[in-house]
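Okay, so here's the structure we're looking at.
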Amino acid sequence: MNYKLVHVGFGNMVVADRIVAIISPSSSPIKRLKDEAREAGLLVDVTQGRKTRAIIVMDSKHVVLSAIQPETITGRFENGDDKEEKE
């Protein structure tokens, strides 16, 4: 089985086909989504202590916090472009 992976920062990857949404963490409903995922044990923090810039919602109801801008992750998702991994 070949899975297309999307780099979400600091060497972490998620399966592209499982992504439901890539969103900015600025609104109150998104903050509630993050808190609910934390309480349910479905929050995955891959920010390495940095500011959360994107929240990735997976089809398994997991919520992934990333320190990379949503536009950057979206570009990697759409184009398969992964410059950071090639370095």
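Chain identifiers are assigned as A, B, and so on, following the order in which chains appear in the structure tokens; residues are numbered from 1 within each chain, and ligands are numbered from 1 in order of appearance.
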Who sits within 10 Å of segment 20-32 of chain A, only C-alpha atoms, same chain under 6 positions skipped, as number ranges by chain = A: 38, 52-61, 63-66, 69-71, 73-74, 77
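Contact shell of Asp17 of chain A at 9 Å (only C-alpha atoms; same-chain neighbours under 2 positions omitted): Tyr3, Lys4, Leu5, Val14, Val15, Ile19, Val20 and Asp59 of chain A.
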Mind checking which residues fall within 10 Å of Ala40 of chain A, counting only C-alpha atoms, ignoring those fewer than 5 positions away in the same chain, and posting them as a list of chain:residue names?
-> A:Lys34, A:Asp35, A:Lys61, A:His62
Could you turn the residues from that selection into a file that holds N, CA, C and O atoms, as a PDB file, in the first residue's frame?
```
ATOM      1  N   LYS A  34     -10.311  22.289  19.492  1.00  0.00           N
ATOM      2  CA  LYS A  34      -9.018  21.861  20.025  1.00  0.00           C
ATOM      3  C   LYS A  34      -9.164  21.380  21.471  1.00  0.00           C
ATOM      4  O   LYS A  34      -8.640  20.323  21.834  1.00  0.00           O
ATOM      5  N   ASP A  35      -9.892  22.130  22.288  1.00  0.00           N
ATOM      6  CA  ASP A  35     -10.091  21.747  23.692  1.00  0.00           C
ATOM      7  C   ASP A  35     -10.857  20.434  23.821  1.00  0.00           C
ATOM      8  O   ASP A  35     -10.521  19.586  24.655  1.00  0.00           O
ATOM      9  N   LYS A  61     -11.283  11.854  13.524  1.00  0.00           N
ATOM     10  CA  LYS A  61     -11.606  12.833  14.557  1.00  0.00           C
ATOM     11  C   LYS A  61     -10.382  13.300  15.344  1.00  0.00           C
ATOM     12  O   LYS A  61     -10.519  14.025  16.316  1.00  0.00           O
ATOM     13  N   HIS A  62      -9.192  12.895  14.922  1.00  0.00           N
ATOM     14  CA  HIS A  62      -7.977  13.410  15.530  1.00  0.00           C
ATOM     15  C   HIS A  62      -7.772  14.845  15.048  1.00  0.00           C
ATOM     16  O   HIS A  62      -8.144  15.192  13.921  1.00  0.00           O
TER      17      HIS A  62
END
```
Identify all residues of segment 33-86 of chain A in strand (DSSP E or B) (DSSP on the backbone) and supply them as a VMD selection string.
-> chain A and resid 43 to 45 54 to 58 63 to 66
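Rounded to one decimal, atom CA of Gly9 of chain A and atom CA of Leu43 of chain A lie 15.7 Å from each other.
Distances to Val46 of chain A were evaluated for A:Asn79, A:Val6, A:Leu33, A:Ile68 using only C-alpha atoms, and the minimum falls at A:Ile68.
Here the DSSP assignment of alpha helix (DSSP H), based on backbone atoms, applies within chain A to A:Ser28, A:Pro29, A:Ile30, A:Lys31, A:Arg32, A:Leu33, A:Lys34, A:Asp35, A:Glu36, A:Ala37, A:Arg38, A:Glu39, A:Ala40, A:Pro70, A:Glu71, A:Thr72, A:Ile73, A:Thr74, A:Gly75, A:Arg76, A:Phe77, A:Glu78, A:Asn79, A:Lys83, A:Glu84, A:Glu85, A:Lys86.
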Same residues, N, CA, C and O atoms, output as a short mmCIF file (atom, residue, chain, number, x, y, z; two decimals), in the first residue's frame:
```
data_model
loop_
_atom_site.label_atom_id
_atom_site.label_comp_id
_atom_site.auth_asym_id
_atom_site.auth_seq_id
_atom_site.Cartn_x
_atom_site.Cartn_y
_atom_site.Cartn_z
N SER A 28 -12.94 31.28 17.89
CA SER A 28 -13.41 30.61 19.11
C SER A 28 -13.92 29.19 18.86
O SER A 28 -13.61 28.30 19.65
N PRO A 29 -14.70 28.93 17.80
CA PRO A 29 -15.13 27.55 17.55
C PRO A 29 -13.97 26.59 17.33
O PRO A 29 -14.02 25.44 17.77
N ILE A 30 -12.91 27.07 16.70
CA ILE A 30 -11.75 26.21 16.47
C ILE A 30 -11.02 25.96 17.78
O ILE A 30 -10.52 24.85 18.03
N LYS A 31 -10.95 26.96 18.64
CA LYS A 31 -10.34 26.76 19.96
C LYS A 31 -11.14 25.75 20.78
O LYS A 31 -10.57 24.91 21.47
N ARG A 32 -12.46 25.78 20.66
CA ARG A 32 -13.30 24.78 21.34
C ARG A 32 -13.05 23.39 20.77
O ARG A 32 -12.98 22.40 21.51
N LEU A 33 -12.92 23.30 19.45
CA LEU A 33 -12.62 22.02 18.80
C LEU A 33 -11.32 21.44 19.35
O LEU A 33 -11.24 20.26 19.67
N LYS A 34 -10.31 22.29 19.49
CA LYS A 34 -9.02 21.86 20.03
C LYS A 34 -9.16 21.38 21.47
O LYS A 34 -8.64 20.32 21.83
N ASP A 35 -9.89 22.13 22.29
CA ASP A 35 -10.09 21.75 23.69
C ASP A 35 -10.86 20.43 23.82
O ASP A 35 -10.52 19.59 24.66
N GLU A 36 -11.88 20.25 22.98
CA GLU A 36 -12.66 19.01 23.01
C GLU A 36 -11.81 17.82 22.59
O GLU A 36 -11.92 16.74 23.16
N ALA A 37 -10.95 18.02 21.59
CA ALA A 37 -10.06 16.95 21.15
C ALA A 37 -9.06 16.58 22.25
O ALA A 37 -8.77 15.41 22.48
N ARG A 38 -8.58 17.59 22.97
CA ARG A 38 -7.65 17.34 24.08
C ARG A 38 -8.33 16.50 25.16
O ARG A 38 -7.77 15.52 25.65
N GLU A 39 -9.56 16.87 25.51
CA GLU A 39 -10.31 16.14 26.54
C GLU A 39 -10.60 14.70 26.11
O GLU A 39 -10.61 13.79 26.94
N ALA A 40 -10.83 14.49 24.82
CA ALA A 40 -11.15 13.15 24.31
C ALA A 40 -9.89 12.32 24.03
O ALA A 40 -10.00 11.15 23.67
N PRO A 70 -1.19 27.35 7.39
CA PRO A 70 -2.14 26.52 6.63
C PRO A 70 -1.90 26.57 5.12
O PRO A 70 -2.04 25.54 4.45
N GLU A 71 -1.50 27.72 4.60
CA GLU A 71 -1.26 27.85 3.17
C GLU A 71 -0.10 26.95 2.72
O GLU A 71 -0.13 26.36 1.64
N THR A 72 0.93 26.84 3.55
CA THR A 72 2.08 26.01 3.23
C THR A 72 1.69 24.54 3.22
O THR A 72 2.05 23.80 2.30
N ILE A 73 0.93 24.12 4.22
CA ILE A 73 0.49 22.72 4.29
C ILE A 73 -0.44 22.41 3.12
O ILE A 73 -0.33 21.35 2.51
N THR A 74 -1.33 23.35 2.80
CA THR A 74 -2.24 23.15 1.68
C THR A 74 -1.46 23.00 0.37
O THR A 74 -1.78 22.13 -0.45
N GLY A 75 -0.45 23.81 0.18
CA GLY A 75 0.39 23.70 -1.02
C GLY A 75 1.06 22.35 -1.11
O GLY A 75 1.12 21.74 -2.17
N ARG A 76 1.56 21.85 0.01
CA ARG A 76 2.19 20.54 0.04
C ARG A 76 1.16 19.45 -0.25
O ARG A 76 1.46 18.47 -0.92
N PHE A 77 -0.03 19.63 0.29
CA PHE A 77 -1.11 18.67 0.09
C PHE A 77 -1.52 18.60 -1.37
O PHE A 77 -1.66 17.53 -1.95
N GLU A 78 -1.69 19.76 -1.99
CA GLU A 78 -2.17 19.82 -3.38
C GLU A 78 -1.10 19.43 -4.39
O GLU A 78 -1.39 18.74 -5.36
N ASN A 79 0.13 19.88 -4.17
CA ASN A 79 1.19 19.69 -5.18
C ASN A 79 2.13 18.54 -4.88
O ASN A 79 2.93 18.18 -5.72
N LYS A 83 9.62 20.57 0.07
CA LYS A 83 10.98 21.08 0.02
C LYS A 83 11.75 20.82 1.31
O LYS A 83 12.93 20.53 1.29
N GLU A 84 11.07 20.93 2.44
CA GLU A 84 11.75 20.77 3.73
C GLU A 84 12.32 19.37 3.89
O GLU A 84 13.36 19.18 4.48
N GLU A 85 11.66 18.36 3.36
CA GLU A 85 12.14 16.99 3.46
C GLU A 85 13.32 16.72 2.54
O GLU A 85 14.10 15.83 2.79
N LYS A 86 13.47 17.48 1.46
CA LYS A 86 14.53 17.24 0.50
C LYS A 86 15.87 17.79 0.97
O LYS A 86 16.89 17.45 0.44
#
```
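For the pair atom CA of Met1 of chain A and atom CA of Ala16 of chain A, the interatomic distance is 13.7 Å.
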